[in-house]
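Asker: File follows, upload.tsv with TSV, N, CA and C atoms and all ligand atoms:
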```
chain	number	residue	atom	x	y	z
K	726	MET	N	19.73	136.09	146.52
K	726	MET	CA	20.65	137.21	146.40
K	726	MET	C	21.90	137.00	147.24
K	727	LEU	N	21.73	136.37	148.41
K	727	LEU	CA	22.88	136.09	149.27
K	727	LEU	C	23.84	135.15	148.57
K	728	LYS	N	23.29	134.17	147.84
K	728	LYS	CA	24.15	133.20	147.14
K	728	LYS	C	24.97	133.91	146.07
K	729	PHE	N	24.37	134.91	145.40
K	729	PHE	CA	25.11	135.66	144.38
K	729	PHE	C	26.34	136.32	144.99
K	730	PHE	N	26.20	136.90	146.18
K	730	PHE	CA	27.34	137.55	146.81
K	730	PHE	C	28.38	136.53	147.27
K	731	LYS	N	27.93	135.34	147.67
K	731	LYS	CA	28.88	134.29	148.03
K	731	LYS	C	29.68	133.86	146.79
K	732	ILE	N	28.99	133.74	145.67
K	732	ILE	CA	29.67	133.38	144.42
K	732	ILE	C	30.63	134.50	144.03
K	733	LEU	N	30.19	135.74	144.13
K	733	LEU	CA	31.03	136.88	143.79
K	733	LEU	C	32.28	136.92	144.67
K	734	LYS	N	32.12	136.66	145.96
K	734	LYS	CA	33.26	136.63	146.87
K	734	LYS	C	34.22	135.51	146.49
K	735	ALA	N	33.67	134.34	146.16
K	735	ALA	CA	34.52	133.21	145.75
K	735	ALA	C	35.29	133.55	144.48
K	736	VAL	N	34.64	134.22	143.54
K	736	VAL	CA	35.31	134.60	142.29
K	736	VAL	C	36.42	135.61	142.57
K	737	ILE	N	36.14	136.60	143.39
K	737	ILE	CA	37.14	137.63	143.68
K	737	ILE	C	38.34	137.04	144.42
K	738	LEU	N	38.07	136.08	145.32
K	738	LEU	CA	39.15	135.46	146.09
K	738	LEU	C	39.74	134.25	145.37
K	739	LEU	N	39.26	133.96	144.18
K	739	LEU	CA	39.74	132.84	143.35
K	739	LEU	C	39.56	131.50	144.07
K	740	LYS	N	38.38	131.32	144.66
K	740	LYS	CA	38.02	130.06	145.33
K	740	LYS	C	37.05	129.30	144.45
K	741	CYS	N	36.82	128.06	144.81
K	741	CYS	CA	35.90	127.21	144.06
K	741	CYS	C	34.49	127.81	144.12
K	742	PRO	N	33.84	128.05	142.99
K	742	PRO	CA	32.50	128.63	143.00
K	742	PRO	C	31.42	127.68	143.52
K	743	ALA	N	31.74	126.39	143.64
K	743	ALA	CA	30.74	125.43	144.10
K	743	ALA	C	30.70	125.35	145.63
K	744	CYS	N	31.88	125.26	146.27
K	744	CYS	CA	31.90	125.10	147.73
K	744	CYS	C	32.45	126.34	148.44
K	745	PHE	N	33.02	127.28	147.70
K	745	PHE	CA	33.56	128.54	148.22
K	745	PHE	C	34.79	128.36	149.11
K	746	GLU	N	35.40	127.18	149.09
K	746	GLU	CA	36.54	126.94	149.98
K	746	GLU	C	37.81	126.54	149.24
K	747	GLY	N	37.72	125.62	148.32
K	747	GLY	CA	38.92	125.12	147.64
K	747	GLY	C	39.53	126.17	146.73
K	748	HIS	N	40.85	126.15	146.62
K	748	HIS	CA	41.54	127.10	145.76
K	748	HIS	C	41.41	126.67	144.29
K	749	LEU	N	41.18	127.64	143.43
K	749	LEU	CA	41.02	127.34	142.01
K	749	LEU	C	42.35	127.06	141.32
K	750	PHE	N	43.43	127.63	141.84
K	750	PHE	CA	44.72	127.52	141.17
K	750	PHE	C	45.74	126.86	142.09
K	751	LYS	N	46.66	126.12	141.48
K	751	LYS	CA	47.66	125.39	142.26
K	751	LYS	C	48.59	126.35	142.98
K	752	ASN	N	49.03	127.38	142.30
K	752	ASN	CA	49.95	128.35	142.90
K	752	ASN	C	49.20	129.67	143.11
K	753	PRO	N	49.05	130.12	144.35
K	753	PRO	CA	48.27	131.34	144.59
K	753	PRO	C	48.99	132.63	144.20
K	754	HIS	N	50.31	132.56	143.93
K	754	HIS	CA	51.04	133.77	143.58
K	754	HIS	C	50.70	134.23	142.17
K	755	LEU	N	50.41	135.50	142.03
K	755	LEU	CA	49.93	136.02	140.75
K	755	LEU	C	51.04	136.29	139.75
K	756	PHE	N	52.28	136.41	140.20
K	756	PHE	CA	53.35	136.76	139.26
K	756	PHE	C	54.27	135.59	138.96
K	757	ASN	N	53.85	134.39	139.28
K	757	ASN	CA	54.56	133.20	138.85
K	757	ASN	C	53.97	132.80	137.50
K	758	LEU	N	54.54	133.37	136.43
K	758	LEU	CA	53.90	133.26	135.12
K	758	LEU	C	53.92	131.86	134.53
K	759	LYS	N	54.87	131.01	134.98
K	759	LYS	CA	54.91	129.64	134.45
K	759	LYS	C	53.69	128.84	134.88
K	760	GLU	N	53.15	129.17	136.05
K	760	GLU	CA	52.03	128.39	136.59
K	760	GLU	C	50.75	129.22	136.66
K	761	ILE	N	50.67	130.25	135.85
K	761	ILE	CA	49.54	131.16	135.97
K	761	ILE	C	48.21	130.48	135.65
K	762	ALA	N	48.22	129.49	134.77
K	762	ALA	CA	46.98	128.85	134.36
K	762	ALA	C	46.80	127.45	134.95
K	763	ASP	N	47.73	127.02	135.80
K	763	ASP	CA	47.65	125.66	136.34
K	763	ASP	C	46.55	125.55	137.38
K	764	MET	N	45.61	124.69	137.09
K	764	MET	CA	44.50	124.45	138.01
K	764	MET	C	44.45	122.96	138.33
K	765	PRO	N	44.05	122.60	139.55
K	765	PRO	CA	43.87	121.18	139.82
K	765	PRO	C	42.70	120.64	138.99
K	766	ALA	N	42.70	119.35	138.75
K	766	ALA	CA	41.62	118.75	137.95
K	766	ALA	C	40.28	118.81	138.68
K	767	HIS	N	40.34	118.70	140.02
K	767	HIS	CA	39.12	118.73	140.82
K	767	HIS	C	39.35	119.61	142.04
K	768	CYS	N	38.26	120.10	142.58
K	768	CYS	CA	38.34	120.89	143.81
K	768	CYS	C	38.80	119.98	144.95
K	769	PRO	N	39.82	120.40	145.72
K	769	PRO	CA	40.28	119.56	146.83
K	769	PRO	C	39.25	119.44	147.96
K	770	CYS	N	38.28	120.32	148.01
K	770	CYS	CA	37.29	120.28	149.09
K	770	CYS	C	36.01	119.55	148.71
K	771	CYS	N	35.44	119.88	147.54
K	771	CYS	CA	34.14	119.31	147.19
K	771	CYS	C	34.19	118.38	145.98
K	772	GLY	N	35.30	118.32	145.28
K	772	GLY	CA	35.41	117.42	144.13
K	772	GLY	C	34.84	117.97	142.84
K	773	GLN	N	34.46	119.25	142.82
K	773	GLN	CA	33.94	119.86	141.60
K	773	GLN	C	34.98	119.75	140.49
K	774	ASP	N	34.53	119.34	139.32
K	774	ASP	CA	35.43	119.19	138.18
K	774	ASP	C	35.83	120.58	137.67
K	775	PHE	N	37.14	120.87	137.66
K	775	PHE	CA	37.62	122.15	137.15
K	775	PHE	C	37.99	122.06	135.67
K	776	VAL	N	38.22	120.87	135.17
K	776	VAL	CA	38.52	120.69	133.75
K	776	VAL	C	37.28	120.06	133.12
K	777	VAL	N	36.34	120.89	132.79
K	777	VAL	CA	35.04	120.41	132.35
K	777	VAL	C	35.16	119.66	131.03
K	778	GLU	N	35.85	120.24	130.09
K	778	GLU	CA	36.09	119.60	128.80
K	778	GLU	C	37.34	120.22	128.19
K	779	THR	N	37.81	119.64	127.10
K	779	THR	CA	39.00	120.17	126.46
K	779	THR	C	38.74	121.60	125.98
K	780	GLU	N	39.68	122.47	126.25
K	780	GLU	CA	39.62	123.89	125.85
K	780	GLU	C	38.41	124.60	126.44
K	781	PHE	N	37.99	124.17	127.61
K	781	PHE	CA	36.83	124.78	128.27
K	781	PHE	C	37.04	126.27	128.53
K	782	TYR	N	38.26	126.65	128.88
K	782	TYR	CA	38.50	128.03	129.32
K	782	TYR	C	38.71	129.01	128.18
K	783	TYR	N	38.55	128.59	126.93
K	783	TYR	CA	38.58	129.55	125.83
K	783	TYR	C	37.47	130.59	126.00
K	784	GLY	N	36.36	130.17	126.55
K	784	GLY	CA	35.25	131.10	126.77
K	784	GLY	C	35.58	132.19	127.77
K	785	ALA	N	36.58	131.95	128.61
K	785	ALA	CA	36.97	132.96	129.59
K	785	ALA	C	37.57	134.18	128.91
K	786	MET	N	38.00	134.03	127.67
K	786	MET	CA	38.52	135.20	126.94
K	786	MET	C	37.44	136.26	126.77
K	787	PHE	N	36.22	135.83	126.53
K	787	PHE	CA	35.12	136.78	126.36
K	787	PHE	C	34.80	137.47	127.68
K	788	VAL	N	34.87	136.70	128.76
K	788	VAL	CA	34.66	137.27	130.09
K	788	VAL	C	35.76	138.30	130.38
K	789	SER	N	36.99	137.96	130.03
K	789	SER	CA	38.11	138.87	130.25
K	789	SER	C	37.92	140.17	129.49
K	790	TYR	N	37.50	140.05	128.25
K	790	TYR	CA	37.25	141.26	127.44
K	790	TYR	C	36.17	142.13	128.07
K	791	ALA	N	35.06	141.49	128.48
K	791	ALA	CA	33.95	142.25	129.06
K	791	ALA	C	34.35	142.90	130.38
K	792	LEU	N	35.09	142.17	131.23
K	792	LEU	CA	35.52	142.73	132.51
K	792	LEU	C	36.47	143.90	132.32
K	793	THR	N	37.40	143.74	131.40
K	793	THR	CA	38.36	144.80	131.13
K	793	THR	C	37.67	146.05	130.60
K	794	ALA	N	36.77	145.85	129.64
K	794	ALA	CA	36.04	146.99	129.08
K	794	ALA	C	35.19	147.67	130.14
K	795	LEU	N	34.52	146.88	130.96
K	795	LEU	CA	33.68	147.45	132.03
K	795	LEU	C	34.53	148.24	133.02
K	796	LEU	N	35.65	147.68	133.42
K	796	LEU	CA	36.53	148.36	134.38
K	796	LEU	C	37.06	149.67	133.80
K	797	MET	N	37.51	149.63	132.57
K	797	MET	CA	38.07	150.84	131.96
K	797	MET	C	37.01	151.91	131.75
K	798	PHE	N	35.82	151.51	131.31
K	798	PHE	CA	34.74	152.48	131.15
K	798	PHE	C	34.36	153.08	132.49
K	799	LEU	N	34.34	152.25	133.53
K	799	LEU	CA	33.99	152.74	134.86
K	799	LEU	C	35.04	153.74	135.37
K	800	VAL	N	36.31	153.37	135.28
K	800	VAL	CA	37.38	154.24	135.79
K	800	VAL	C	37.46	155.53	134.97
K	801	MET	N	37.46	155.39	133.66
K	801	MET	CA	37.55	156.59	132.82
K	801	MET	C	36.30	157.44	132.93
K	802	GLY	N	35.15	156.80	133.07
K	802	GLY	CA	33.90	157.54	133.23
K	802	GLY	C	33.89	158.35	134.51
K	803	LEU	N	34.36	157.74	135.60
K	803	LEU	CA	34.42	158.47	136.87
K	803	LEU	C	35.42	159.62	136.78
K	804	ASP	N	36.54	159.37	136.09
K	804	ASP	CA	37.54	160.43	135.92
K	804	ASP	C	36.95	161.61	135.15
K	805	ILE	N	36.27	161.31	134.07
K	805	ILE	CA	35.67	162.38	133.27
K	805	ILE	C	34.56	163.08	134.05
K	806	LEU	N	33.80	162.28	134.81
K	806	LEU	CA	32.70	162.85	135.59
K	806	LEU	C	33.20	163.84	136.62
K	807	PHE	N	34.29	163.50	137.32
K	807	PHE	CA	34.76	164.35	138.41
K	807	PHE	C	35.74	165.43	137.96
K	808	SER	N	36.53	165.16	136.94
K	808	SER	CA	37.51	166.18	136.53
K	808	SER	C	37.08	166.92	135.26
K	809	GLY	N	36.15	166.34	134.52
K	809	GLY	CA	35.66	167.01	133.32
K	809	GLY	C	36.45	166.70	132.07
K	810	TYR	N	37.59	166.03	132.23
K	810	TYR	CA	38.41	165.76	131.06
K	810	TYR	C	39.32	164.58	131.37
K	811	LEU	N	39.64	163.79	130.36
K	811	LEU	CA	40.56	162.66	130.54
K	811	LEU	C	41.85	163.00	129.81
K	812	TYR	N	42.90	163.24	130.57
K	812	TYR	CA	44.19	163.57	129.97
K	812	TYR	C	44.85	162.31	129.45
K	813	PHE	N	45.70	162.50	128.46
K	813	PHE	CA	46.37	161.36	127.84
K	813	PHE	C	47.27	160.63	128.84
K	814	LYS	N	47.92	161.37	129.73
K	814	LYS	CA	48.77	160.74	130.75
K	814	LYS	C	47.95	159.88	131.70
K	815	GLU	N	46.73	160.34	132.03
K	815	GLU	CA	45.86	159.54	132.88
K	815	GLU	C	45.46	158.26	132.18
K	816	LEU	N	45.16	158.37	130.90
K	816	LEU	CA	44.79	157.19	130.13
K	816	LEU	C	45.94	156.18	130.13
K	817	LEU	N	47.17	156.66	129.93
K	817	LEU	CA	48.33	155.77	129.97
K	817	LEU	C	48.50	155.14	131.34
K	818	LEU	N	48.24	155.92	132.40
K	818	LEU	CA	48.31	155.39	133.75
K	818	LEU	C	47.30	154.26	133.95
K	819	TYR	N	46.08	154.46	133.51
K	819	TYR	CA	45.05	153.43	133.67
K	819	TYR	C	45.40	152.18	132.88
K	820	ILE	N	45.93	152.36	131.70
K	820	ILE	CA	46.32	151.20	130.89
K	820	ILE	C	47.48	150.45	131.55
K	821	CYS	N	48.44	151.20	132.12
K	821	CYS	CA	49.56	150.56	132.82
K	821	CYS	C	49.08	149.79	134.04
K	822	LEU	N	48.16	150.38	134.80
K	822	LEU	CA	47.62	149.68	135.97
K	822	LEU	C	46.87	148.43	135.55
K	823	LEU	N	46.14	148.51	134.44
K	823	LEU	CA	45.42	147.35	133.94
K	823	LEU	C	46.40	146.25	133.51
K	824	LEU	N	47.49	146.65	132.87
K	824	LEU	CA	48.48	145.67	132.43
K	824	LEU	C	49.20	145.05	133.63
K	825	LEU	N	49.42	145.82	134.69
K	825	LEU	CA	50.04	145.26	135.89
K	825	LEU	C	49.17	144.17	136.52
K	826	GLY	N	47.88	144.32	136.41
K	826	GLY	CA	46.98	143.36	137.04
K	826	GLY	C	46.43	142.30	136.11
K	827	TRP	N	47.05	142.11	134.96
K	827	TRP	CA	46.46	141.19	133.98
K	827	TRP	C	46.40	139.77	134.49
K	828	THR	N	47.37	139.37	135.36
K	828	THR	CA	47.33	137.99	135.85
K	828	THR	C	46.10	137.76	136.72
K	829	TYR	N	45.75	138.77	137.51
K	829	TYR	CA	44.55	138.63	138.34
K	829	TYR	C	43.30	138.58	137.47
K	830	TRP	N	43.22	139.45	136.46
K	830	TRP	CA	42.04	139.45	135.58
K	830	TRP	C	41.94	138.16	134.79
K	831	PHE	N	43.08	137.62	134.42
K	831	PHE	CA	43.10	136.33	133.73
K	831	PHE	C	42.44	135.26	134.60
K	832	ARG	N	42.85	135.20	135.86
K	832	ARG	CA	42.31	134.19	136.76
K	832	ARG	C	40.84	134.47	137.13
K	833	VAL	N	40.52	135.73	137.33
K	833	VAL	CA	39.12	136.05	137.65
K	833	VAL	C	38.21	135.67	136.49
K	834	SER	N	38.68	135.87	135.27
K	834	SER	CA	37.88	135.51	134.10
K	834	SER	C	37.62	134.01	134.06
K	835	ARG	N	38.62	133.23	134.40
K	835	ARG	CA	38.42	131.78	134.47
K	835	ARG	C	37.43	131.42	135.58
K	836	ALA	N	37.54	132.10	136.72
K	836	ALA	CA	36.63	131.82	137.84
K	836	ALA	C	35.19	132.18	137.47
K	837	VAL	N	35.00	133.30	136.79
K	837	VAL	CA	33.65	133.70	136.36
K	837	VAL	C	33.10	132.68	135.36
K	838	TRP	N	33.93	132.26	134.44
K	838	TRP	CA	33.48	131.30	133.42
K	838	TRP	C	33.09	129.98	134.07
K	839	LEU	N	33.88	129.53	135.04
K	839	LEU	CA	33.56	128.28	135.74
K	839	LEU	C	32.29	128.44	136.57
K	840	ALA	N	32.13	129.58	137.23
K	840	ALA	CA	30.92	129.82	138.02
K	840	ALA	C	29.69	129.85	137.12
K	841	PHE	N	29.83	130.48	135.96
K	841	PHE	CA	28.73	130.52	134.99
K	841	PHE	C	28.35	129.10	134.59
K	842	TYR	N	29.34	128.28	134.33
K	842	TYR	CA	29.06	126.89	133.94
K	842	TYR	C	28.38	126.14	135.08
K	843	ILE	N	28.91	126.27	136.29
K	843	ILE	CA	28.40	125.48	137.41
K	843	ILE	C	26.94	125.83	137.70
K	844	TYR	N	26.61	127.13	137.69
K	844	TYR	CA	25.28	127.53	138.14
K	844	TYR	C	24.24	127.62	137.03
K	845	TRP	N	24.65	127.63	135.77
K	845	TRP	CA	23.63	127.73	134.73
K	845	TRP	C	23.64	126.58	133.74
K	846	LEU	N	24.75	125.90	133.60
K	846	LEU	CA	24.83	124.91	132.55
K	846	LEU	C	25.12	123.49	133.02
K	847	GLN	N	25.75	123.35	134.17
K	847	GLN	CA	26.19	122.03	134.58
K	847	GLN	C	24.99	121.12	134.83
K	848	PRO	N	24.95	119.97	134.17
K	848	PRO	CA	23.83	119.05	134.41
K	848	PRO	C	23.97	118.37	135.76
K	849	TYR	N	22.85	117.96	136.32
K	849	TYR	CA	22.78	117.20	137.55
K	849	TYR	C	23.29	117.97	138.75
K	850	ARG	N	23.23	119.28	138.70
K	850	ARG	CA	23.68	120.06	139.86
K	850	ARG	C	22.47	120.39	140.71
K	851	ASP	N	22.65	120.30	142.02
K	851	ASP	CA	21.60	120.69	142.95
K	851	ASP	C	21.43	122.20	142.85
K	852	LYS	N	20.24	122.67	142.49
K	852	LYS	CA	20.01	124.10	142.23
K	852	LYS	C	19.63	124.87	143.48
K	853	ASN	N	19.84	124.33	144.66
K	853	ASN	CA	19.46	125.04	145.88
K	853	ASN	C	20.34	126.22	146.13
K	901	ZN	ZN	34.87	123.12	145.75
```
Show this structure as structure tokens.
Ligand SMILES: [Zn+2]
Answerer:
Amino acid sequence: MLKFFKILKAVILLKCPACFEGHLFKNPHLFNLKEIADMPAHCPCCGQDFVVETEFYYGAMFVSYALTALLMFLVMGLDILFSGYLYFKELLLYICLLLLGWTYWFRVSRAVWLAFYIYWLQPYRDKN
């Protein structure tokens, strides 16, 4: 269980899910849109391969969809739970906030997808 939280922390901080130290992206700034998807080929700390295969990160789209849906259901559900009603202006506010953070969700989705690969699918990985 402790390892799960270490992986979760690495994903949230956009660090390497294998060693929890190396940065996943070349440019840490979230609003530099030209380099939003640029990742080093390998982790600078542990050598974990970040480019597993061609078009590997297409699967991160599904993670992005699930994370976005979960976040919106959670936020809107709490709003409805506490206020009893979801106003249209609130819905627009939540959508705007989600759109403002899309670069972070984009990167988190890639980090989750890579962590999923490393811990469940990668061959020859030490499972400790
Ligand atoms: Zn690493």
Asker: Nearest to ligand ZN 901 (chain K): which of K:Ala836, K:Leu727, K:Ala794, K:Leu823 is it, counting only C-alpha atoms and all ligand atoms?
Answerer: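 The shortest atom-to-atom distance to ligand ZN 901 (chain K) comes from K:Ala836.
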Asker: Between CA of Leu755 in chain K and CA of Ile737 in chain K, what is the distance, to one decimal in Å?
Answerer: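 Distance reported for this atom pair: 13.2 Å.
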Asker: Residues up to 6.5 Å from ligand ZN 901 (chain K), counting all atoms listed in the file: could you list those as a ChimeraX atom specification?
Answerer: /K:741-747,768-773
Asker: Considering only C-alpha atoms, can you say which of K:Tyr829, K:Leu818, K:Ala762, K:Val736 comes closest to Tyr783 in chain K?
Answerer: K:Ala762
Asker: List every protein, DNA or RNA residue that has an atom no more than 12 Å from (43.7, 158.0, 130.9) in the file's coordinate frame, counting only C-alpha atoms, and report them as a PDB file with N, CA and C atoms, in the coordinates of the input.
Answerer:
```pdb
ATOM      1  N   MET K 797      37.510 149.630 132.570  1.00  0.00           N
ATOM      2  CA  MET K 797      38.070 150.840 131.960  1.00  0.00           C
ATOM      3  C   MET K 797      37.010 151.910 131.750  1.00  0.00           C
ATOM      4  N   PHE K 798      35.820 151.510 131.310  1.00  0.00           N
ATOM      5  CA  PHE K 798      34.740 152.480 131.150  1.00  0.00           C
ATOM      6  C   PHE K 798      34.360 153.080 132.490  1.00  0.00           C
ATOM      7  N   LEU K 799      34.340 152.250 133.530  1.00  0.00           N
ATOM      8  CA  LEU K 799      33.990 152.740 134.860  1.00  0.00           C
ATOM      9  C   LEU K 799      35.040 153.740 135.370  1.00  0.00           C
ATOM     10  N   VAL K 800      36.310 153.370 135.280  1.00  0.00           N
ATOM     11  CA  VAL K 800      37.380 154.240 135.790  1.00  0.00           C
ATOM     12  C   VAL K 800      37.460 155.530 134.970  1.00  0.00           C
ATOM     13  N   MET K 801      37.460 155.390 133.660  1.00  0.00           N
ATOM     14  CA  MET K 801      37.550 156.590 132.820  1.00  0.00           C
ATOM     15  C   MET K 801      36.300 157.440 132.930  1.00  0.00           C
ATOM     16  N   GLY K 802      35.150 156.800 133.070  1.00  0.00           N
ATOM     17  CA  GLY K 802      33.900 157.540 133.230  1.00  0.00           C
ATOM     18  C   GLY K 802      33.890 158.350 134.510  1.00  0.00           C
ATOM     19  N   LEU K 803      34.360 157.740 135.600  1.00  0.00           N
ATOM     20  CA  LEU K 803      34.420 158.470 136.870  1.00  0.00           C
ATOM     21  C   LEU K 803      35.420 159.620 136.780  1.00  0.00           C
ATOM     22  N   ASP K 804      36.540 159.370 136.090  1.00  0.00           N
ATOM     23  CA  ASP K 804      37.540 160.430 135.920  1.00  0.00           C
ATOM     24  C   ASP K 804      36.950 161.610 135.150  1.00  0.00           C
ATOM     25  N   ILE K 805      36.270 161.310 134.070  1.00  0.00           N
ATOM     26  CA  ILE K 805      35.670 162.380 133.270  1.00  0.00           C
ATOM     27  C   ILE K 805      34.560 163.080 134.050  1.00  0.00           C
ATOM     28  N   SER K 808      36.530 165.160 136.940  1.00  0.00           N
ATOM     29  CA  SER K 808      37.510 166.180 136.530  1.00  0.00           C
ATOM     30  C   SER K 808      37.080 166.920 135.260  1.00  0.00           C
ATOM     31  N   TYR K 810      37.590 166.030 132.230  1.00  0.00           N
ATOM     32  CA  TYR K 810      38.410 165.760 131.060  1.00  0.00           C
ATOM     33  C   TYR K 810      39.320 164.580 131.370  1.00  0.00           C
ATOM     34  N   LEU K 811      39.640 163.790 130.360  1.00  0.00           N
ATOM     35  CA  LEU K 811      40.560 162.660 130.540  1.00  0.00           C
ATOM     36  C   LEU K 811      41.850 163.000 129.810  1.00  0.00           C
ATOM     37  N   TYR K 812      42.900 163.240 130.570  1.00  0.00           N
ATOM     38  CA  TYR K 812      44.190 163.570 129.970  1.00  0.00           C
ATOM     39  C   TYR K 812      44.850 162.310 129.450  1.00  0.00           C
ATOM     40  N   PHE K 813      45.700 162.500 128.460  1.00  0.00           N
ATOM     41  CA  PHE K 813      46.370 161.360 127.840  1.00  0.00           C
ATOM     42  C   PHE K 813      47.270 160.630 128.840  1.00  0.00           C
ATOM     43  N   LYS K 814      47.920 161.370 129.730  1.00  0.00           N
ATOM     44  CA  LYS K 814      48.770 160.740 130.750  1.00  0.00           C
ATOM     45  C   LYS K 814      47.950 159.880 131.700  1.00  0.00           C
ATOM     46  N   GLU K 815      46.730 160.340 132.030  1.00  0.00           N
ATOM     47  CA  GLU K 815      45.860 159.540 132.880  1.00  0.00           C
ATOM     48  C   GLU K 815      45.460 158.260 132.180  1.00  0.00           C
ATOM     49  N   LEU K 816      45.160 158.370 130.900  1.00  0.00           N
ATOM     50  CA  LEU K 816      44.790 157.190 130.130  1.00  0.00           C
ATOM     51  C   LEU K 816      45.940 156.180 130.130  1.00  0.00           C
ATOM     52  N   LEU K 817      47.170 156.660 129.930  1.00  0.00           N
ATOM     53  CA  LEU K 817      48.330 155.770 129.970  1.00  0.00           C
ATOM     54  C   LEU K 817      48.500 155.140 131.340  1.00  0.00           C
ATOM     55  N   LEU K 818      48.240 155.920 132.400  1.00  0.00           N
ATOM     56  CA  LEU K 818      48.310 155.390 133.750  1.00  0.00           C
ATOM     57  C   LEU K 818      47.300 154.260 133.950  1.00  0.00           C
ATOM     58  N   TYR K 819      46.080 154.460 133.510  1.00  0.00           N
ATOM     59  CA  TYR K 819      45.050 153.430 133.670  1.00  0.00           C
ATOM     60  C   TYR K 819      45.400 152.180 132.880  1.00  0.00           C
ATOM     61  N   ILE K 820      45.930 152.360 131.700  1.00  0.00           N
ATOM     62  CA  ILE K 820      46.320 151.200 130.890  1.00  0.00           C
ATOM     63  C   ILE K 820      47.480 150.450 131.550  1.00  0.00           C
ATOM     64  N   CYS K 821      48.440 151.200 132.120  1.00  0.00           N
ATOM     65  CA  CYS K 821      49.560 150.560 132.820  1.00  0.00           C
ATOM     66  C   CYS K 821      49.080 149.790 134.040  1.00  0.00           C
ATOM     67  N   LEU K 822      48.160 150.380 134.800  1.00  0.00           N
ATOM     68  CA  LEU K 822      47.620 149.680 135.970  1.00  0.00           C
ATOM     69  C   LEU K 822      46.870 148.430 135.550  1.00  0.00           C
ATOM     70  N   LEU K 823      46.140 148.510 134.440  1.00  0.00           N
ATOM     71  CA  LEU K 823      45.420 147.350 133.940  1.00  0.00           C
ATOM     72  C   LEU K 823      46.400 146.250 133.510  1.00  0.00           C
TER      73      LEU K 823
END
```
Asker: To one decimal place in Å, what is the distance between CA of Ala766 in chain K and CA of Trp838 in chain K?
Answerer: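 Interatomic distance here is 15.6 Å.
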Asker: If I take CA of Phe729 in chain K and CA of Trp830 in chain K, how far is one from the other in Å, to one decimal?
Answerer: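 Interatomic distance here is 19.5 Å.
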Asker: Which of chain K counts as helix (DSSP H, G or I) under DSSP, as a ChimeraX atom specification please?
Answerer: /K:727-737,758-760,781-808,813-825,827-846
Asker: To test the calculation: enclose all listed atoms of range 745-760 of chain K in a box whose edges run along x, y and z, add 8 Å on each side, then state centre and edge lengths in Å to one decimal, as AutoDock Vina command-line options.
Answerer:
```
--center_x 44.0 --center_y 130.9 --center_z 142.2 --size_x 37.9 --size_y 27.6 --size_z 31.5
```
Asker: Would you mind telling me which residue in K:Lys751, K:Lys731, K:Arg835, K:Lys759 lies nearest to Met786 in chain K when using all atoms listed in the file?
Answerer: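 Comparing K:Lys751, K:Lys731, K:Arg835, K:Lys759 against Met786 in chain K, the winner is K:Arg835.
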